[in-house]
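Asker: What follows is model-v2.txt, made up of compact mmCIF, N, CA and C atoms and all ligand atoms:
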# COMPACT_ATOMS: atom_id res chain seq x y z
N MET A 1189 6.65 85.89 -44.66
CA MET A 1189 7.23 84.87 -45.55
C MET A 1189 7.48 83.60 -44.76
N SER A 1190 7.05 82.47 -45.30
CA SER A 1190 7.27 81.23 -44.59
C SER A 1190 8.73 80.81 -44.70
N THR A 1191 9.15 80.00 -43.76
CA THR A 1191 10.54 79.52 -43.78
C THR A 1191 10.80 78.75 -45.06
N GLU A 1192 9.80 78.00 -45.50
CA GLU A 1192 9.98 77.20 -46.72
C GLU A 1192 10.25 78.10 -47.92
N ASN A 1193 9.45 79.17 -48.04
CA ASN A 1193 9.66 80.11 -49.14
C ASN A 1193 11.02 80.78 -49.05
N LEU A 1194 11.41 81.12 -47.84
CA LEU A 1194 12.68 81.81 -47.64
C LEU A 1194 13.83 80.88 -48.04
N ILE A 1195 13.75 79.64 -47.63
CA ILE A 1195 14.80 78.69 -47.98
C ILE A 1195 14.85 78.51 -49.50
N ARG A 1196 13.66 78.44 -50.12
CA ARG A 1196 13.63 78.28 -51.57
C ARG A 1196 14.26 79.51 -52.25
N ALA A 1197 13.94 80.69 -51.73
CA ALA A 1197 14.51 81.91 -52.30
C ALA A 1197 16.02 81.95 -52.11
N LEU A 1198 16.46 81.55 -50.94
CA LEU A 1198 17.90 81.54 -50.67
C LEU A 1198 18.60 80.56 -51.59
N ARG A 1199 17.97 79.42 -51.83
CA ARG A 1199 18.57 78.45 -52.74
C ARG A 1199 18.68 79.03 -54.14
N ALA A 1200 17.66 79.79 -54.54
CA ALA A 1200 17.69 80.41 -55.87
C ALA A 1200 18.87 81.36 -55.98
N VAL A 1201 19.08 82.15 -54.94
CA VAL A 1201 20.23 83.07 -54.93
C VAL A 1201 21.53 82.27 -54.97
N TYR A 1202 21.55 81.23 -54.17
CA TYR A 1202 22.76 80.43 -54.09
C TYR A 1202 23.06 79.79 -55.44
N GLU A 1203 22.04 79.28 -56.10
CA GLU A 1203 22.25 78.67 -57.41
C GLU A 1203 22.67 79.70 -58.43
N PHE A 1204 22.08 80.90 -58.32
CA PHE A 1204 22.48 81.98 -59.21
C PHE A 1204 23.96 82.29 -58.99
N ASP A 1205 24.35 82.38 -57.73
CA ASP A 1205 25.75 82.64 -57.41
C ASP A 1205 26.64 81.53 -57.95
N LEU A 1206 26.17 80.31 -57.86
CA LEU A 1206 26.96 79.18 -58.36
C LEU A 1206 27.20 79.32 -59.86
N GLN A 1207 26.17 79.80 -60.55
CA GLN A 1207 26.32 79.99 -61.99
C GLN A 1207 27.36 81.08 -62.28
N GLN A 1208 27.34 82.09 -61.44
CA GLN A 1208 28.30 83.18 -61.63
C GLN A 1208 29.72 82.72 -61.28
N ALA A 1209 29.84 81.93 -60.26
CA ALA A 1209 31.14 81.44 -59.81
C ALA A 1209 31.03 79.93 -59.60
N PRO A 1210 31.54 79.15 -60.53
CA PRO A 1210 31.32 77.71 -60.50
C PRO A 1210 31.68 77.05 -59.18
N LYS A 1211 32.72 77.47 -58.52
CA LYS A 1211 33.10 76.80 -57.28
C LYS A 1211 32.30 77.32 -56.10
N GLN A 1212 32.47 78.56 -55.78
CA GLN A 1212 31.67 79.18 -54.74
C GLN A 1212 31.72 80.69 -54.90
N HIS A 1213 30.80 81.36 -54.19
CA HIS A 1213 30.76 82.80 -54.30
C HIS A 1213 32.10 83.39 -53.87
N PRO A 1214 32.62 84.33 -54.66
CA PRO A 1214 33.95 84.86 -54.33
C PRO A 1214 34.00 85.55 -52.98
N LEU A 1215 32.86 86.07 -52.52
CA LEU A 1215 32.86 86.76 -51.23
C LEU A 1215 32.67 85.79 -50.06
N ARG A 1216 32.22 84.58 -50.38
CA ARG A 1216 31.91 83.65 -49.30
C ARG A 1216 33.19 83.17 -48.62
N THR A 1217 33.14 83.11 -47.30
CA THR A 1217 34.30 82.67 -46.53
C THR A 1217 33.97 81.34 -45.85
N PRO A 1218 34.98 80.61 -45.42
CA PRO A 1218 34.71 79.34 -44.70
C PRO A 1218 33.95 79.58 -43.40
N GLN A 1219 33.98 80.80 -42.89
CA GLN A 1219 33.29 81.10 -41.62
C GLN A 1219 31.82 81.42 -41.83
N CYS A 1220 31.39 81.61 -43.09
CA CYS A 1220 30.00 81.96 -43.33
C CYS A 1220 29.07 80.84 -42.88
N PRO A 1221 27.98 81.20 -42.18
CA PRO A 1221 27.01 80.17 -41.81
C PRO A 1221 26.35 79.60 -43.07
N PRO A 1222 25.87 78.35 -42.99
CA PRO A 1222 25.15 77.81 -44.15
C PRO A 1222 23.90 78.63 -44.45
N LEU A 1223 23.49 78.64 -45.73
CA LEU A 1223 22.33 79.44 -46.13
C LEU A 1223 21.09 79.05 -45.33
N THR A 1224 21.00 77.78 -44.98
CA THR A 1224 19.83 77.31 -44.23
C THR A 1224 19.78 77.90 -42.83
N ARG A 1225 20.89 78.48 -42.37
CA ARG A 1225 20.94 79.08 -41.03
C ARG A 1225 20.29 80.47 -41.03
N PHE A 1226 20.27 81.12 -42.19
CA PHE A 1226 19.82 82.51 -42.24
C PHE A 1226 18.35 82.71 -41.82
N PRO A 1227 17.42 81.89 -42.32
CA PRO A 1227 16.02 82.14 -41.92
C PRO A 1227 15.82 82.10 -40.41
N ALA A 1228 16.40 81.11 -39.76
CA ALA A 1228 16.25 80.98 -38.31
C ALA A 1228 16.96 82.12 -37.59
N ALA A 1229 18.15 82.45 -38.07
CA ALA A 1229 18.93 83.50 -37.40
C ALA A 1229 18.27 84.86 -37.54
N LEU A 1230 17.67 85.13 -38.71
CA LEU A 1230 17.02 86.42 -38.91
C LEU A 1230 15.76 86.52 -38.07
N ARG A 1231 15.17 85.37 -37.76
CA ARG A 1231 13.95 85.36 -36.95
C ARG A 1231 14.30 85.38 -35.46
N GLU A 1232 15.29 84.57 -35.08
CA GLU A 1232 15.56 84.35 -33.66
C GLU A 1232 16.84 85.01 -33.18
N GLY A 1233 17.63 85.53 -34.12
CA GLY A 1233 18.87 86.19 -33.74
C GLY A 1233 20.08 85.29 -33.92
N TRP A 1234 21.22 85.94 -34.11
CA TRP A 1234 22.48 85.22 -34.30
C TRP A 1234 23.11 84.94 -32.94
N THR A 1235 23.97 83.95 -32.93
CA THR A 1235 24.82 83.76 -31.76
C THR A 1235 25.84 84.90 -31.76
N PRO A 1236 26.46 85.19 -30.62
CA PRO A 1236 27.46 86.28 -30.59
C PRO A 1236 28.57 86.07 -31.62
N GLU A 1237 28.99 84.84 -31.81
CA GLU A 1237 30.05 84.55 -32.78
C GLU A 1237 29.57 84.86 -34.20
N GLU A 1238 28.35 84.41 -34.51
CA GLU A 1238 27.79 84.66 -35.84
C GLU A 1238 27.59 86.15 -36.06
N GLN A 1239 27.06 86.81 -35.04
CA GLN A 1239 26.79 88.24 -35.13
C GLN A 1239 28.08 88.99 -35.49
N GLN A 1240 29.15 88.61 -34.83
CA GLN A 1240 30.44 89.24 -35.06
C GLN A 1240 30.89 89.00 -36.51
N HIS A 1241 30.65 87.79 -36.99
CA HIS A 1241 31.06 87.46 -38.35
C HIS A 1241 30.21 88.21 -39.38
N VAL A 1242 28.89 88.09 -39.28
CA VAL A 1242 28.03 88.67 -40.33
C VAL A 1242 28.16 90.19 -40.39
N ALA A 1243 28.46 90.81 -39.24
CA ALA A 1243 28.60 92.28 -39.23
C ALA A 1243 29.74 92.73 -40.13
N GLY A 1244 30.75 91.88 -40.28
CA GLY A 1244 31.89 92.29 -41.08
C GLY A 1244 32.06 91.52 -42.38
N CYS A 1245 31.05 90.71 -42.73
CA CYS A 1245 31.19 89.84 -43.90
C CYS A 1245 30.31 90.36 -45.04
N ALA A 1246 30.92 90.69 -46.16
CA ALA A 1246 30.19 91.23 -47.31
C ALA A 1246 29.18 90.21 -47.84
N TYR A 1247 29.57 88.96 -47.84
CA TYR A 1247 28.69 87.92 -48.37
C TYR A 1247 27.46 87.77 -47.50
N CYS A 1248 27.66 87.63 -46.20
CA CYS A 1248 26.53 87.45 -45.28
C CYS A 1248 25.63 88.68 -45.30
N ARG A 1249 26.22 89.86 -45.37
CA ARG A 1249 25.42 91.09 -45.40
C ARG A 1249 24.59 91.14 -46.67
N LYS A 1250 25.15 90.65 -47.76
CA LYS A 1250 24.42 90.60 -49.02
C LYS A 1250 23.21 89.67 -48.90
N ILE A 1251 23.43 88.51 -48.30
CA ILE A 1251 22.33 87.55 -48.11
C ILE A 1251 21.25 88.15 -47.22
N ILE A 1252 21.69 88.82 -46.14
CA ILE A 1252 20.74 89.41 -45.20
C ILE A 1252 19.95 90.53 -45.89
N ALA A 1253 20.65 91.39 -46.64
CA ALA A 1253 19.98 92.48 -47.35
C ALA A 1253 18.97 91.93 -48.35
N TRP A 1254 19.35 90.87 -49.00
CA TRP A 1254 18.47 90.24 -49.98
C TRP A 1254 17.23 89.69 -49.29
N ASN A 1255 17.44 89.07 -48.13
CA ASN A 1255 16.33 88.54 -47.34
C ASN A 1255 15.36 89.64 -46.95
N GLN A 1256 15.92 90.77 -46.49
CA GLN A 1256 15.07 91.87 -46.04
C GLN A 1256 14.29 92.46 -47.20
N GLU A 1257 14.93 92.51 -48.37
CA GLU A 1257 14.25 92.99 -49.57
C GLU A 1257 13.07 92.08 -49.92
N GLU A 1258 13.31 90.76 -49.81
CA GLU A 1258 12.25 89.79 -50.09
C GLU A 1258 11.10 89.94 -49.09
N GLU A 1259 11.46 90.13 -47.82
CA GLU A 1259 10.45 90.31 -46.77
C GLU A 1259 9.59 91.54 -47.09
N ARG A 1260 10.27 92.61 -47.51
CA ARG A 1260 9.57 93.85 -47.82
C ARG A 1260 8.63 93.64 -49.01
N ARG A 1261 9.14 92.96 -50.03
CA ARG A 1261 8.34 92.70 -51.21
C ARG A 1261 7.14 91.82 -50.86
N ASP A 1262 7.39 90.86 -49.98
CA ASP A 1262 6.33 89.96 -49.53
C ASP A 1262 5.22 90.74 -48.83
N SER A 1263 5.58 91.66 -47.94
CA SER A 1263 4.57 92.39 -47.20
C SER A 1263 3.83 93.35 -48.12
N GLU A 1264 4.52 93.88 -49.13
CA GLU A 1264 3.84 94.74 -50.10
C GLU A 1264 2.81 93.94 -50.89
N ASN A 1265 3.20 92.76 -51.30
CA ASN A 1265 2.28 91.89 -52.03
C ASN A 1265 1.05 91.57 -51.18
N THR A 1266 1.31 91.29 -49.91
CA THR A 1266 0.22 90.95 -49.00
C THR A 1266 -0.74 92.13 -48.84
N SER A 1267 -0.19 93.33 -48.66
CA SER A 1267 -1.05 94.48 -48.43
C SER A 1267 -1.81 94.87 -49.71
N SER A 1268 -1.17 94.78 -50.88
CA SER A 1268 -1.87 95.13 -52.11
C SER A 1268 -2.95 94.08 -52.40
N ALA A 1269 -2.68 92.83 -52.04
CA ALA A 1269 -3.68 91.78 -52.24
C ALA A 1269 -4.90 92.04 -51.37
N SER A 1270 -4.65 92.47 -50.14
CA SER A 1270 -5.79 92.69 -49.25
C SER A 1270 -6.58 93.93 -49.67
N ARG A 1271 -5.90 94.89 -50.35
CA ARG A 1271 -6.63 96.06 -50.82
C ARG A 1271 -7.58 95.71 -51.97
N THR A 1272 -7.11 94.84 -52.88
CA THR A 1272 -7.94 94.50 -54.03
C THR A 1272 -9.09 93.58 -53.65
N CYS A 1273 -8.95 92.83 -52.55
CA CYS A 1273 -9.98 91.88 -52.18
C CYS A 1273 -11.18 92.53 -51.50
ZN ZN B 1301 30.03 85.42 -44.02
Please, can you express the file's structure as structure tokens?
Ligand SMILES: [Zn+2]
Answerer:
Amino acid sequence: MSTENLIRALRAVYEFDLQQAPKQHPLRTPQCPPLTRFPAALREGWTPEEQQHVAGCAYCRKIIAWNQEEERRDSENTSSASRTC
């Protein structure tokens, strides 16, 4: 998945969350990294401070799980596409 697609997907989740909670996601904390940080962090790793936060943060874990699900779906799409071609 390209970074651009990932950011677009994250924005979609974020906008969905905004619709659910007009101000901000109820699980989101002031310590949560910005959504734009997730693609780079998932690729290159978190800083020790971030790692400590995301390990215990329901919101960040949800975003990460969602990312991994998208990655999995992306690779399935890629492999099924290559089978039909
Ligand atoms: Zn967080």
Asker: Let me have all residues with an atom within 8 Å of ligand ZN 1301 (chain B), counting only C-alpha atoms and all ligand atoms, laid out as a PyMOL selection string.
Answerer: chain A and resi 1215-1221+1241-1242+1244-1249
Asker: So how far away is CA of Ala1253 in chain A from CA of Glu1238 in chain A, in Å?
Answerer: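 Separation between CA of Glu1238 in chain A and CA of Ala1253 in chain A: 16.0 Å.
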Asker: In Å, how far is it from CA of Pro1227 in chain A to CA of Leu1198 in chain A?
Answerer: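 Distance between the two atoms: 9.0 Å.
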Asker: List the neighbours of Ile1195 in chain A out to 8 Å using all atoms listed in the file; skip same-chain residues closer than 6 positions along the sequence, and give me the result as number ranges by chain.
Answerer: A: 1189, 1201, 1223-1224, 1227
Asker: Find the distance between CA of Glu1232 in chain A and CA of Ser1263 in chain A and write it in Å to one decimal.
Answerer: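 About the pair CA of Glu1232 in chain A and CA of Ser1263 in chain A: they are 19.2 Å apart.
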